[in-house]
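**Q** A single structure is presented below for examination.
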Amino acid sequence: MSTWFHSSTSGLSLWLRKCVRLILCNGPLPKHVAFIMDGNRRFARKQSVETFKGHSLGFEKLTEVLEWCNELQVKEVTVYALSIENFKRSKDEVDYLMELAREKVKLLLDEKDRIMENGLCIRVLGNLDLLPSDLQETVEHVVELTKHNNHAILNVCLAYTARDDICQAVTRIRDGCADDTICVDDIDDHLIENCLYTWKSPRPDLLIRTSGEVRLSDFLLWESSYTCLYFTQVLWPAMGWWDFYKAIIHYQYNNYLMKYNGIDGIESQNELCNHLNSTENYEKHCRQCRIDKFLTYIRS
């Protein structure tokens with residue numbers, strides 16, 4: 001039976017995974033991990049099964065990966081579930097992807113008791129107007145149901161590309177300037193970042209892409225500027241716990257190199273640069289009031 005809550009069976013593999021996990025926990029662990037879940041179709045061809053089966057197996061792998069993340073106390077996970085570019089595929093495949101999305105989002109409602117018990121917050125990010133109206137309604141229901149949960153967060157990027165996200169943000173800012181809600185001088189990188197779909201989330205610490213492709217494919221381009229990137233040859237449905245742990249080891253090594261090379265203290269440097277006199281503080285306060293009013297409006 002399909003479920004969002006994967007449960008590992010006992011055995012040598014589980015015992016070994018626990019031992020490795022205890023070792024990893026002695027080092028820095030990412031709090032936010034993003035995944036480009038690539039390779040479903042190639043995995044299906046490799047296994048001589050229909051493409052549709054590859055997508056279904058990809059979902060099963062996601063539930064397993066979420067379990068591994070939970071074991072390492074990764075608080076937030078963001079997954080690239082459906083790119084806007086995917087709508088250019090064959091009608092049969094797009095129809096199947098929409099039906100698969102309906103099935104899995106509905107499954108969230110069917111398992112709402114377990115979701116609430118586990119404190120899981122579901123956010124669906126993207127240009128949702130591109131989705132069928134019935135799917136939009138179901139997504140809205142799930143997001144509303146779980147919005148106050150804070151133990152763990154799952155961001156599902158549906159009908160998403162980073163370029164579309166940035167364009168939508170710029171359009172909102174343009175409209176805000178046109179109706180005098182904000183001023184042109186209010187526009188900076190922080191304002192743009194707060195207009196993105198991901199405004200509620202910290203930037204990802206680690207981004208993992210499967211299938212051997214070494215590119216971001218229009219995923220979290222703004223948010224991943226300082227993210228540790230890990231590319232692996234394994235296809236998404238074939239990803240094992242050791243493949244995931246290798247990505248964590250890569251993150252820990254990268255974290256060590258950054259500290260060794262003195263790439264640290266960025267926040268404290270920014271605070272020094274933002275030291276203002278009383279007049280500037282007042283102007284900053286007025287600017288912040290305008291921006292807060294604007295952000296409240298576009299998020300309502």
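To be explicit about the labels: the chains of the structure tokens are called A, B, and onward in the order shown, and within each one the residues are counted from 1, while ligands get numbers from 1 in the order they are shown.
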Using DSSP on the backbone coordinates, identify all residues within stretch 116-261 of chain A classified as helix (DSSP H, G or I); present the result as number ranges by chain.

**A** A: 116-117, 128-130, 133-146, 162-178, 184-186, 189-194, 236-238, 241-260

**Q** What are the closest atom pairs, with distances in Å to one decimal, for all residues of stretch 131-213 of chain A lying within 10 Å of stretch 35-38 of chain A? Consider only C-alpha atoms, order rows by chain and residue number, and present the result as JSON lines.

**A**
```
{"residue": "A:Pro204", "atom": "CA", "partner": "A:Phe35", "partner_atom": "CA", "distance": 9.9}
{"residue": "A:Leu206", "atom": "CA", "partner": "A:Phe35", "partner_atom": "CA", "distance": 8.6}
{"residue": "A:Leu207", "atom": "CA", "partner": "A:Phe35", "partner_atom": "CA", "distance": 5.8}
{"residue": "A:Ile208", "atom": "CA", "partner": "A:Phe35", "partner_atom": "CA", "distance": 4.9}
{"residue": "A:Arg209", "atom": "CA", "partner": "A:Ile36", "partner_atom": "CA", "distance": 4.7}
{"residue": "A:Thr210", "atom": "CA", "partner": "A:Asp38", "partner_atom": "CA", "distance": 5.4}
{"residue": "A:Ser211", "atom": "CA", "partner": "A:Asp38", "partner_atom": "CA", "distance": 5.6}
{"residue": "A:Gly212", "atom": "CA", "partner": "A:Asp38", "partner_atom": "CA", "distance": 8.7}
{"residue": "A:Glu213", "atom": "CA", "partner": "A:Asp38", "partner_atom": "CA", "distance": 8.3}
```

**Q** Restricted to N, CA and C atoms, what would the selected residues look like written as a JSON list (two decimals), in the first residue's frame?

**A**
```json
[["chain", "number", "residue", "atom", "x", "y", "z"],
["A", 204, "PRO", "N", 18.98, 26.53, 1.31],
["A", 204, "PRO", "CA", 19.41, 25.14, 1.54],
["A", 204, "PRO", "C", 20.90, 25.05, 1.87],
["A", 206, "LEU", "N", 22.45, 22.04, 1.64],
["A", 206, "LEU", "CA", 22.96, 20.99, 0.74],
["A", 206, "LEU", "C", 21.93, 20.74, -0.35],
["A", 207, "LEU", "N", 22.40, 20.69, -1.60],
["A", 207, "LEU", "CA", 21.53, 20.35, -2.73],
["A", 207, "LEU", "C", 22.09, 19.11, -3.41],
["A", 208, "ILE", "N", 21.26, 18.09, -3.54],
["A", 208, "ILE", "CA", 21.68, 16.80, -4.11],
["A", 208, "ILE", "C", 20.95, 16.58, -5.43],
["A", 209, "ARG", "N", 21.71, 16.26, -6.48],
["A", 209, "ARG", "CA", 21.10, 15.88, -7.75],
["A", 209, "ARG", "C", 21.57, 14.49, -8.15],
["A", 210, "THR", "N", 20.62, 13.65, -8.48],
["A", 210, "THR", "CA", 20.93, 12.29, -8.92],
["A", 210, "THR", "C", 21.01, 12.24, -10.46],
["A", 211, "SER", "N", 21.41, 11.09, -10.97],
["A", 211, "SER", "CA", 21.41, 10.72, -12.40],
["A", 211, "SER", "C", 22.66, 11.10, -13.16],
["A", 212, "GLY", "N", 23.63, 11.75, -12.51],
["A", 212, "GLY", "CA", 24.87, 12.07, -13.20],
["A", 212, "GLY", "C", 24.88, 13.41, -13.92],
["A", 213, "GLU", "N", 23.74, 14.07, -14.01],
["A", 213, "GLU", "CA", 23.70, 15.38, -14.63],
["A", 213, "GLU", "C", 24.29, 16.41, -13.67]]
```

**Q** Name the residues of stretch 138-253 of chain A that fall into strand (DSSP E or B) according to DSSP on the backbone, using the chain letters and numbers of this document, as an NGL selection string.

**A** :A and (152-157 or 160 or 206-209 or 228-231)

**Q** At a cut-off of 9 Å, using only C-alpha atoms, what residues contact stretch 138-151 of chain A? Leave out same-chain residues fewer than 4 positions from it and give the result as a compact mmCIF listing (two decimals) with C-alpha atoms, in the first residue's frame.

**A**
```txt
# COMPACT_ATOMS: atom_id res chain seq x y z
CA LYS A 75 14.31 19.96 9.63
CA ARG A 102 -3.58 14.10 -7.51
CA VAL A 105 -1.67 14.90 -2.60
CA LYS A 106 -4.93 13.11 -1.80
CA LEU A 108 -1.63 13.34 2.29
CA LEU A 109 -5.23 14.06 3.27
CA LYS A 112 -3.59 13.64 7.86
CA ILE A 115 0.96 14.14 9.42
CA MET A 116 -0.42 16.13 12.34
CA ASN A 118 4.49 14.06 13.25
CA GLY A 119 4.17 17.86 13.05
CA LEU A 120 4.84 17.90 9.30
CA CYS A 121 4.27 21.17 7.46
CA ILE A 122 3.61 20.78 3.72
CA ARG A 123 4.29 23.71 1.41
CA VAL A 124 3.66 23.52 -2.33
CA SER A 133 -8.26 23.42 -10.85
CA ASP A 134 -9.17 20.32 -8.84
```

**Q** A:Ile84, A:Pro237, A:Thr171, A:Thr198: which is nearest A:Phe59, counting only C-alpha atoms?

**A** A:Pro237

**Q** Need the shell around A:Arg21: protein/DNA/RNA residues with any atom at most 12 Å away, counting only C-alpha atoms. Skip same-chain ones fewer than 4 positions apart. Format as JSON, numbers by chain?

**A** {"A": [14, 15, 16, 17, 25, 26, 27, 29, 68, 69, 70, 71, 72, 73, 241, 242, 244, 245, 246, 248, 249]}
